[in-house]
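Okay, target.tsv now, which holds TSV, C-alpha atoms and all ligand atoms:
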chain	number	residue	atom	x	y	z
A	6	MET	CA	36.12	22.26	-25.76
A	7	PHE	CA	32.59	21.76	-24.36
A	8	ALA	CA	31.61	23.86	-21.42
A	9	GLU	CA	28.66	21.58	-20.80
A	10	ASN	CA	27.50	18.18	-22.03
A	11	HIS	CA	24.51	16.20	-20.89
A	12	ALA	CA	21.58	14.24	-22.34
A	13	MET	CA	18.14	15.59	-21.63
A	14	PRO	CA	15.25	13.10	-21.48
A	15	LEU	CA	12.29	14.60	-23.32
A	16	PHE	CA	8.79	13.18	-22.97
A	17	PRO	CA	9.90	10.29	-20.73
A	18	THR	CA	7.61	7.32	-20.10
A	19	PHE	CA	7.43	6.29	-16.47
A	20	VAL	CA	6.68	3.01	-14.74
A	21	TRP	CA	6.28	3.57	-11.01
A	22	MET	CA	7.40	0.70	-8.78
A	23	HIS	CA	6.35	0.26	-5.16
A	24	ARG	CA	7.45	-2.67	-3.02
A	25	LEU	CA	5.37	-3.59	0.02
A	26	LYS	CA	7.13	-4.29	3.29
A	27	PRO	CA	7.79	-8.06	3.74
A	28	GLU	CA	5.33	-8.39	6.63
A	29	ASP	CA	2.61	-6.61	4.63
A	30	THR	CA	3.39	-8.65	1.50
A	31	LYS	CA	2.86	-11.93	3.33
A	32	ARG	CA	-0.43	-10.88	4.93
A	33	VAL	CA	-1.90	-9.32	1.78
A	34	ASN	CA	-0.75	-12.09	-0.55
A	35	ASP	CA	-1.94	-14.91	1.71
A	36	THR	CA	-5.38	-13.31	1.86
A	37	ILE	CA	-5.56	-12.69	-1.89
A	38	ARG	CA	-4.23	-16.14	-2.81
A	39	THR	CA	-6.69	-17.94	-0.54
A	40	LYS	CA	-9.61	-16.02	-2.01
A	41	LEU	CA	-8.53	-16.51	-5.63
A	42	LEU	CA	-7.91	-20.23	-5.28
A	43	SER	CA	-11.36	-20.62	-3.75
A	44	MET	CA	-12.80	-19.05	-6.92
A	45	LEU	CA	-11.07	-21.49	-9.31
A	46	GLU	CA	-12.85	-24.44	-10.87
A	47	PRO	CA	-11.59	-27.70	-9.29
A	48	GLY	CA	-8.56	-28.99	-11.21
A	49	ALA	CA	-8.01	-25.75	-13.17
A	50	GLU	CA	-4.60	-25.29	-11.59
A	51	LYS	CA	-3.40	-28.49	-13.30
A	52	LEU	CA	-4.32	-27.43	-16.85
A	53	GLN	CA	-1.52	-26.61	-19.30
A	54	ASN	CA	-1.29	-23.23	-21.06
A	55	PHE	CA	-4.10	-22.04	-18.87
A	56	ARG	CA	-4.75	-18.38	-18.24
A	57	HIS	CA	-7.62	-17.61	-15.94
A	58	GLN	CA	-8.90	-14.08	-15.53
A	59	THR	CA	-11.40	-13.31	-12.81
A	60	ASP	CA	-14.21	-10.81	-12.96
A	61	GLN	CA	-13.09	-7.18	-12.77
A	62	ASN	CA	-14.68	-6.32	-9.43
A	63	LEU	CA	-12.05	-7.67	-7.04
A	64	HIS	CA	-11.50	-4.23	-5.49
A	65	THR	CA	-15.06	-4.43	-4.10
A	66	LEU	CA	-14.36	-7.65	-2.17
A	67	PRO	CA	-13.39	-7.47	1.52
A	68	GLU	CA	-10.34	-9.68	0.89
A	69	PHE	CA	-8.94	-6.95	-1.39
A	70	GLN	CA	-9.62	-3.99	0.88
A	71	GLU	CA	-6.10	-3.68	2.28
A	72	PHE	CA	-4.58	-4.11	-1.17
A	73	SER	CA	-6.90	-1.43	-2.57
A	74	GLU	CA	-5.80	0.99	0.15
A	75	TYR	CA	-2.14	0.44	-0.75
A	76	LEU	CA	-2.97	0.87	-4.42
A	77	LEU	CA	-4.72	4.18	-3.86
A	78	ALA	CA	-1.87	5.41	-1.67
A	79	ALA	CA	0.63	4.57	-4.43
A	80	THR	CA	-1.62	6.25	-7.00
A	81	LYS	CA	-1.69	9.44	-4.95
A	82	GLY	CA	2.10	9.48	-5.14
A	83	VAL	CA	1.93	9.17	-8.92
A	84	MET	CA	-0.62	11.98	-9.11
A	85	ASP	CA	1.68	14.19	-7.05
A	86	PHE	CA	4.69	13.24	-9.18
A	87	MET	CA	2.79	14.13	-12.35
A	88	GLN	CA	1.44	17.34	-10.80
A	89	VAL	CA	-2.09	16.23	-11.67
A	90	ALA	CA	-4.58	18.67	-10.18
A	91	GLU	CA	-7.54	16.30	-10.30
A	92	GLU	CA	-8.63	15.61	-6.74
A	93	GLY	CA	-10.38	12.33	-7.27
A	94	ILE	CA	-9.17	9.13	-8.89
A	95	GLU	CA	-10.68	5.71	-8.38
A	96	ILE	CA	-10.14	2.06	-9.17
A	97	THR	CA	-12.42	1.32	-12.12
A	98	SER	CA	-11.61	-2.37	-12.39
A	99	CYS	CA	-9.42	-4.96	-10.74
A	100	TRP	CA	-8.93	-8.56	-11.80
A	101	ALA	CA	-6.54	-11.42	-11.23
A	102	ASN	CA	-4.46	-13.34	-13.75
A	103	ILE	CA	-3.76	-16.94	-12.82
A	104	ASN	CA	-1.36	-18.71	-15.17
A	105	THR	CA	-0.50	-22.36	-15.15
A	106	LYS	CA	2.59	-23.65	-17.01
A	107	GLY	CA	2.63	-22.12	-20.50
A	108	GLY	CA	0.11	-19.42	-19.68
A	109	LEU	CA	0.99	-16.00	-21.08
A	110	THR	CA	-0.42	-12.53	-21.68
A	111	GLN	CA	-0.38	-11.04	-25.19
A	112	PRO	CA	0.67	-7.40	-25.74
A	113	HIS	CA	-2.13	-5.07	-24.69
A	114	THR	CA	-3.07	-1.73	-23.18
A	115	HIS	CA	-5.73	-0.75	-20.62
A	116	PRO	CA	-8.02	1.57	-22.63
A	117	ASN	CA	-10.24	4.32	-21.25
A	118	ASN	CA	-8.23	4.83	-18.08
A	119	TYR	CA	-5.44	7.16	-16.94
A	120	LEU	CA	-3.34	4.54	-15.17
A	121	GLY	CA	-3.07	0.77	-15.37
A	122	GLY	CA	-0.95	-1.54	-13.32
A	123	VAL	CA	-0.22	-4.90	-11.83
A	124	TYR	CA	0.61	-6.35	-8.41
A	125	TYR	CA	2.43	-9.65	-7.90
A	126	VAL	CA	1.19	-12.38	-5.56
A	127	ASP	CA	3.17	-15.43	-6.75
A	128	THR	CA	6.04	-15.43	-9.26
A	129	PRO	CA	7.53	-18.93	-9.49
A	130	GLU	CA	11.11	-19.36	-10.69
A	131	ASN	CA	11.79	-17.65	-14.05
A	132	SER	CA	8.21	-16.39	-14.29
A	133	GLY	CA	8.66	-13.00	-12.68
A	134	SER	CA	8.96	-10.52	-15.52
A	135	ILE	CA	6.89	-8.14	-17.61
A	136	MET	CA	7.82	-6.54	-20.93
A	137	PHE	CA	7.04	-2.95	-21.88
A	138	GLU	CA	7.26	-1.68	-25.47
A	139	ASP	CA	8.56	1.68	-26.63
A	140	PRO	CA	5.41	3.68	-27.41
A	141	ARG	CA	7.22	5.82	-29.98
A	142	ALA	CA	7.07	4.72	-33.64
A	143	GLN	CA	9.98	6.79	-34.97
A	144	PRO	CA	12.94	5.12	-33.18
A	145	LYS	CA	12.09	1.81	-34.87
A	146	LEU	CA	12.92	3.28	-38.31
A	147	ILE	CA	16.68	3.33	-37.63
A	148	SER	CA	18.00	0.56	-35.42
A	149	PRO	CA	21.83	0.56	-35.39
A	150	ARG	CA	23.91	-2.22	-33.89
A	151	VAL	CA	24.79	-1.43	-30.28
A	152	HIS	CA	27.55	-2.43	-27.90
A	153	GLN	CA	24.99	-3.22	-25.24
A	154	SER	CA	21.20	-3.06	-25.01
A	155	THR	CA	20.07	-0.38	-22.62
A	156	GLY	CA	16.85	1.39	-21.78
A	157	GLU	CA	17.95	4.21	-24.07
A	158	ASN	CA	18.55	2.14	-27.22
A	159	SER	CA	16.04	-0.73	-26.96
A	160	GLY	CA	12.52	-0.99	-28.32
A	161	HIS	CA	11.39	-2.85	-25.26
A	162	THR	CA	12.27	-3.23	-21.61
A	163	ILE	CA	11.93	-6.40	-19.55
A	164	MET	CA	11.40	-5.71	-15.87
A	165	ASN	CA	11.96	-8.38	-13.24
A	166	VAL	CA	9.33	-8.52	-10.53
A	167	GLU	CA	8.54	-10.53	-7.41
A	168	PRO	CA	5.76	-10.88	-4.84
A	169	GLY	CA	4.96	-7.59	-3.16
A	170	VAL	CA	5.90	-5.45	-6.16
A	171	LEU	CA	3.27	-3.02	-7.40
A	172	LEU	CA	3.70	-1.40	-10.83
A	173	LEU	CA	1.74	1.60	-12.06
A	174	PHE	CA	2.08	2.90	-15.62
A	175	PRO	CA	0.22	4.96	-18.23
A	176	ALA	CA	-2.77	2.93	-19.37
A	177	TRP	CA	-1.69	3.35	-23.00
A	178	LEU	CA	1.70	1.67	-22.50
A	179	VAL	CA	1.82	-1.69	-24.31
A	180	HIS	CA	2.95	-4.59	-22.13
A	181	SER	CA	2.98	-8.38	-22.19
A	182	VAL	CA	4.04	-11.41	-20.15
A	183	LYS	CA	5.99	-14.44	-21.40
A	184	PRO	CA	4.73	-18.00	-20.84
A	185	ASN	CA	5.01	-19.28	-17.30
A	186	PRO	CA	7.78	-21.93	-17.47
A	187	SER	CA	7.04	-23.26	-14.00
A	188	ASP	CA	4.76	-26.00	-12.73
A	189	GLN	CA	3.69	-23.55	-10.03
A	190	LEU	CA	0.90	-21.00	-10.50
A	191	ARG	CA	1.83	-17.43	-11.39
A	192	ILE	CA	-0.68	-15.09	-9.80
A	193	SER	CA	-0.92	-11.35	-10.38
A	194	VAL	CA	-3.61	-8.73	-9.87
A	195	SER	CA	-4.20	-6.11	-12.57
A	196	PHE	CA	-6.20	-2.91	-12.28
A	197	ASN	CA	-7.23	0.37	-13.85
A	198	LEU	CA	-7.63	3.84	-12.42
A	199	MET	CA	-9.50	6.84	-13.79
A	200	PHE	CA	-10.37	10.33	-12.60
A	201	SER	CA	-13.63	10.62	-10.73
A	202	GLY	CA	-16.20	12.72	-12.57
A	203	PHE	CA	-14.20	12.49	-15.79
A	204	THR	CA	-17.02	13.48	-18.13
A	205	GLU	CA	-18.08	16.39	-15.93
A	206	ARG	CA	-14.69	17.96	-15.29
A	207	VAL	CA	-12.01	16.58	-17.63
A	208	SER	CA	-13.62	15.84	-21.00
A	209	PRO	CA	-15.04	19.33	-21.63
A	210	VAL	CA	-12.57	21.62	-23.45
A	211	GLN	CA	-10.45	23.74	-21.17
A	212	TRP	CA	-10.41	26.92	-23.29
A	213	GLU	CA	-12.86	29.73	-23.77
A	214	GLY	CA	-14.08	31.13	-27.08
A	215	THR	CA	-12.95	34.46	-28.47
A	216	VAL	CA	-15.07	37.09	-30.15
A	217	PRO	CA	-13.57	38.91	-33.16
A	218	THR	CA	-13.12	42.62	-32.61
A	219	THR	CA	-13.35	45.16	-35.42
A	301	FE	FE	-2.11	-5.35	-18.43
Would you mind writing the file out in structure tokens?
Ligand SMILES: [Fe+2]
Amino acid sequence: MFAENHAMPLFPTFVWMHRLKPEDTKRVNDTIRTKLLSMLEPGAEKLQNFRHQTDQNLHTLPEFQEFSEYLLAATKGVMDFMQVAEEGIEITSCWANINTKGGLTQPHTHPNNYLGGVYYVDTPENSGSIMFEDPRAQPKLISPRVHQSTGENSGHTIMNVEPGVLLLFPAWLVHSVKPNPSDQLRISVSFNLMFSGFTERVSPVQWEGTVPTT
């Protein structure tokens, strides 16, 4: 009957996962955790439903230097994967999310950047997940019953994560985090990346005008 039969993914949406080596995870996370906890107001870690976000300049702090180097190395891999010809990309912002029990993150994107992402420092029991939503509107119009939910037939994907995991994704991809069910702090570091010299080299139109000929 069929000489050939396969499904072709068109316009796929990628989330790139990197996992640090265990020895690097411990060193980086211990350094980050110590710095972040020193920045908290006394007693904040005992508040319920608390979500603390730091300033967005963490990548400029010496305690985040090693992490920033890993992040840029991972980003270079993404640029190569996507065949992006831009030579420069930089961290435009980097901030930490510290959630006590009940703390959550509403669905959101990371506007005005090419890539967004998150790195995990502490993920207490049952708190290590992130949900991504299908960016396409059309599949939601027809939603048949399925034998099993899969990445191909679901409107969202829940990804399990743990300390040392670094996720990079398109900045426009909607994502959220469920409430932290644990009495322990959930700590993650979020960030944005954008092409250097964007307005000089990327924003201008890439085509040239044509002159009518008679
Ligand atoms: Fe985010």
Please identify every residue of chain A that has at least one atom no farther than 12 Å from an atom of ligand FE 301 (chain A), counting all atoms listed in the file, and for each give the shortest atom pair and the distance in Å to one decimal, arranged by chain then increasing number, as a Markdown table.
| residue | atom | partner | partner_atom | distance |
| --- | --- | --- | --- | --- |
| A:Gln58 | CA | A:FE301 | FE | 11.4 |
| A:Ser98 | CA | A:FE301 | FE | 11.6 |
| A:Cys99 | CA | A:FE301 | FE | 10.6 |
| A:Trp100 | CA | A:FE301 | FE | 10.0 |
| A:Ala101 | CA | A:FE301 | FE | 10.4 |
| A:Asn102 | CA | A:FE301 | FE | 9.6 |
| A:Leu109 | CA | A:FE301 | FE | 11.4 |
| A:Thr110 | CA | A:FE301 | FE | 8.1 |
| A:Gln111 | CA | A:FE301 | FE | 9.0 |
| A:Pro112 | CA | A:FE301 | FE | 8.1 |
| A:His113 | CA | A:FE301 | FE | 6.3 |
| A:Thr114 | CA | A:FE301 | FE | 6.0 |
| A:His115 | CA | A:FE301 | FE | 6.2 |
| A:Pro116 | CA | A:FE301 | FE | 10.0 |
| A:Asn118 | CA | A:FE301 | FE | 11.9 |
| A:Leu120 | CA | A:FE301 | FE | 10.5 |
| A:Gly121 | CA | A:FE301 | FE | 6.9 |
| A:Gly122 | CA | A:FE301 | FE | 6.5 |
| A:Val123 | CA | A:FE301 | FE | 6.9 |
| A:Tyr124 | CA | A:FE301 | FE | 10.4 |
| A:Ile135 | CA | A:FE301 | FE | 9.5 |
| A:Met136 | CA | A:FE301 | FE | 10.3 |
| A:Phe137 | CA | A:FE301 | FE | 10.1 |
| A:Leu172 | CA | A:FE301 | FE | 10.3 |
| A:Leu173 | CA | A:FE301 | FE | 10.2 |
| A:Phe174 | CA | A:FE301 | FE | 9.7 |
| A:Pro175 | CA | A:FE301 | FE | 10.6 |
| A:Ala176 | CA | A:FE301 | FE | 8.4 |
| A:Trp177 | CA | A:FE301 | FE | 9.8 |
| A:Leu178 | CA | A:FE301 | FE | 9.0 |
| A:Val179 | CA | A:FE301 | FE | 8.0 |
| A:His180 | CA | A:FE301 | FE | 6.3 |
| A:Ser181 | CA | A:FE301 | FE | 7.0 |
| A:Val182 | CA | A:FE301 | FE | 8.8 |
| A:Ser193 | CA | A:FE301 | FE | 10.1 |
| A:Val194 | CA | A:FE301 | FE | 9.3 |
| A:Ser195 | CA | A:FE301 | FE | 6.3 |
| A:Phe196 | CA | A:FE301 | FE | 7.8 |
| A:Asn197 | CA | A:FE301 | FE | 8.9 |
*Just how far from atom CA of A:Gly107 is atom CA of A:Gln53, in Å to one decimal?*
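So the answer is 6.2 Å.
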*So, counting only C-alpha atoms, which residue among A:Glu205, A:Pro129, A:Tyr119, A:Phe72 is closest to A:Lys31?*
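The answer is A:Phe72, which sits nearest to A:Lys31.
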*For A:Phe19, which residue out of A:Val207, A:Val83, A:Val126, A:Ile96 is the nearest one, using all atoms listed in the file?*
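Residue with the minimum atom-to-atom distance to A:Phe19: A:Val83.
The shortest atom-to-atom distance to A:Lys183, with all atoms listed in the file taken into account, belongs to A:Thr105 out of A:Gln70, A:Thr105, A:Thr18, A:Thr39.
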*Separation of atom CA of A:Ser73 from atom CA of A:Met199, in Å and rounded to one decimal*: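 Answer for the atom CA of A:Ser73 to atom CA of A:Met199 separation: 14.2 Å.
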*Give me, please, the distance in Å between atom CA of A:Glu46 and atom CA of A:Asn104, quoted to one decimal.*
13.5 Å
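Across A:Thr128, A:Asn117, A:Asn54, A:Asn158, the tightest approach to A:Asn34 is made by A:Thr128 when counting only C-alpha atoms.
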*Nearest to A:Thr97 among A:Ser201, A:Ser148, A:Ser154, A:Thr219, with distances taken over all atoms listed in the file: which residue is it?*
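Once distances to A:Thr97 are computed over all atoms listed in the file, the minimum belongs to A:Ser201.
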_A:Phe86, A:Phe200, A:Tyr125, A:Trp212 ranked by distance to A:Trp21, top pick (using only C-alpha atoms)_ =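 Distance minimum relative to A:Trp21 lands on A:Phe86.
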Do a neighbour search on A:Asp188 at 8 Å with only C-alpha atoms, toss out local chain neighbours closer than 2 positions, and write the hits as a PDB file with C-alpha atoms, keeping the file's coordinate frame.
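Output file out34.pdb follows:
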ATOM      1  CA  THR A 105      -0.500 -22.360 -15.150  1.00  0.00           C
ATOM      2  CA  LYS A 106       2.590 -23.650 -17.010  1.00  0.00           C
ATOM      3  CA  PRO A 186       7.780 -21.930 -17.470  1.00  0.00           C
ATOM      4  CA  LEU A 190       0.900 -21.000 -10.500  1.00  0.00           C
TER       5      LEU A 190
END
*asked:* With only C-alpha atoms as the counted atoms, please give the residues lying no more than 10 Å from A:Leu45, apart from itself and same-chain residues fewer than 4 positions off, as a PyMOL selection string.
replied: chain A and resi 40-41+49-50+57-59+103
*Considering only C-alpha atoms, return as an MDAnalysis selection string whatever protein or nucleic-acid residues lie within 12 Å of A:Ser159, sequence-local ones (same chain, fewer than 3 positions apart) excluded.*
chainID A and resid 136:141 144:145 147:156 162:163
Filtering to C-alpha atoms, could stretch 169-195 of chain A of the supplied structure be written out as a PDB file, in the first residue's frame?
ATOM      1  CA  GLY A 169      21.346  22.120  37.794  1.00  0.00           C
ATOM      2  CA  VAL A 170      18.859  22.161  34.914  1.00  0.00           C
ATOM      3  CA  LEU A 171      19.023  25.146  32.581  1.00  0.00           C
ATOM      4  CA  LEU A 172      16.141  25.769  30.160  1.00  0.00           C
ATOM      5  CA  LEU A 173      16.284  28.140  27.204  1.00  0.00           C
ATOM      6  CA  PHE A 174      13.221  28.868  25.066  1.00  0.00           C
ATOM      7  CA  PRO A 175      11.808  31.487  22.684  1.00  0.00           C
ATOM      8  CA  ALA A 176      10.996  34.577  24.719  1.00  0.00           C
ATOM      9  CA  TRP A 177       7.442  34.574  23.326  1.00  0.00           C
ATOM     10  CA  LEU A 178       6.598  31.099  24.668  1.00  0.00           C
ATOM     11  CA  VAL A 179       4.007  31.334  27.464  1.00  0.00           C
ATOM     12  CA  HIS A 180       4.994  29.502  30.651  1.00  0.00           C
ATOM     13  CA  SER A 181       3.938  29.305  34.289  1.00  0.00           C
ATOM     14  CA  VAL A 182       4.775  27.576  37.565  1.00  0.00           C
ATOM     15  CA  LYS A 183       2.329  25.911  39.962  1.00  0.00           C
ATOM     16  CA  PRO A 184       2.249  26.794  43.678  1.00  0.00           C
ATOM     17  CA  ASN A 185       5.138  25.471  45.715  1.00  0.00           C
ATOM     18  CA  PRO A 186       3.575  22.735  47.911  1.00  0.00           C
ATOM     19  CA  SER A 187       6.650  22.412  50.097  1.00  0.00           C
ATOM     20  CA  ASP A 188       7.706  24.106  53.313  1.00  0.00           C
ATOM     21  CA  GLN A 189      11.133  24.498  51.708  1.00  0.00           C
ATOM     22  CA  LEU A 190      12.079  27.423  49.471  1.00  0.00           C
ATOM     23  CA  ARG A 191      11.941  26.955  45.705  1.00  0.00           C
ATOM     24  CA  ILE A 192      14.673  29.030  44.114  1.00  0.00           C
ATOM     25  CA  SER A 193      15.166  29.596  40.399  1.00  0.00           C
ATOM     26  CA  VAL A 194      17.014  32.158  38.312  1.00  0.00           C
ATOM     27  CA  SER A 195      15.338  33.612  35.216  1.00  0.00           C
TER      28      SER A 195
END
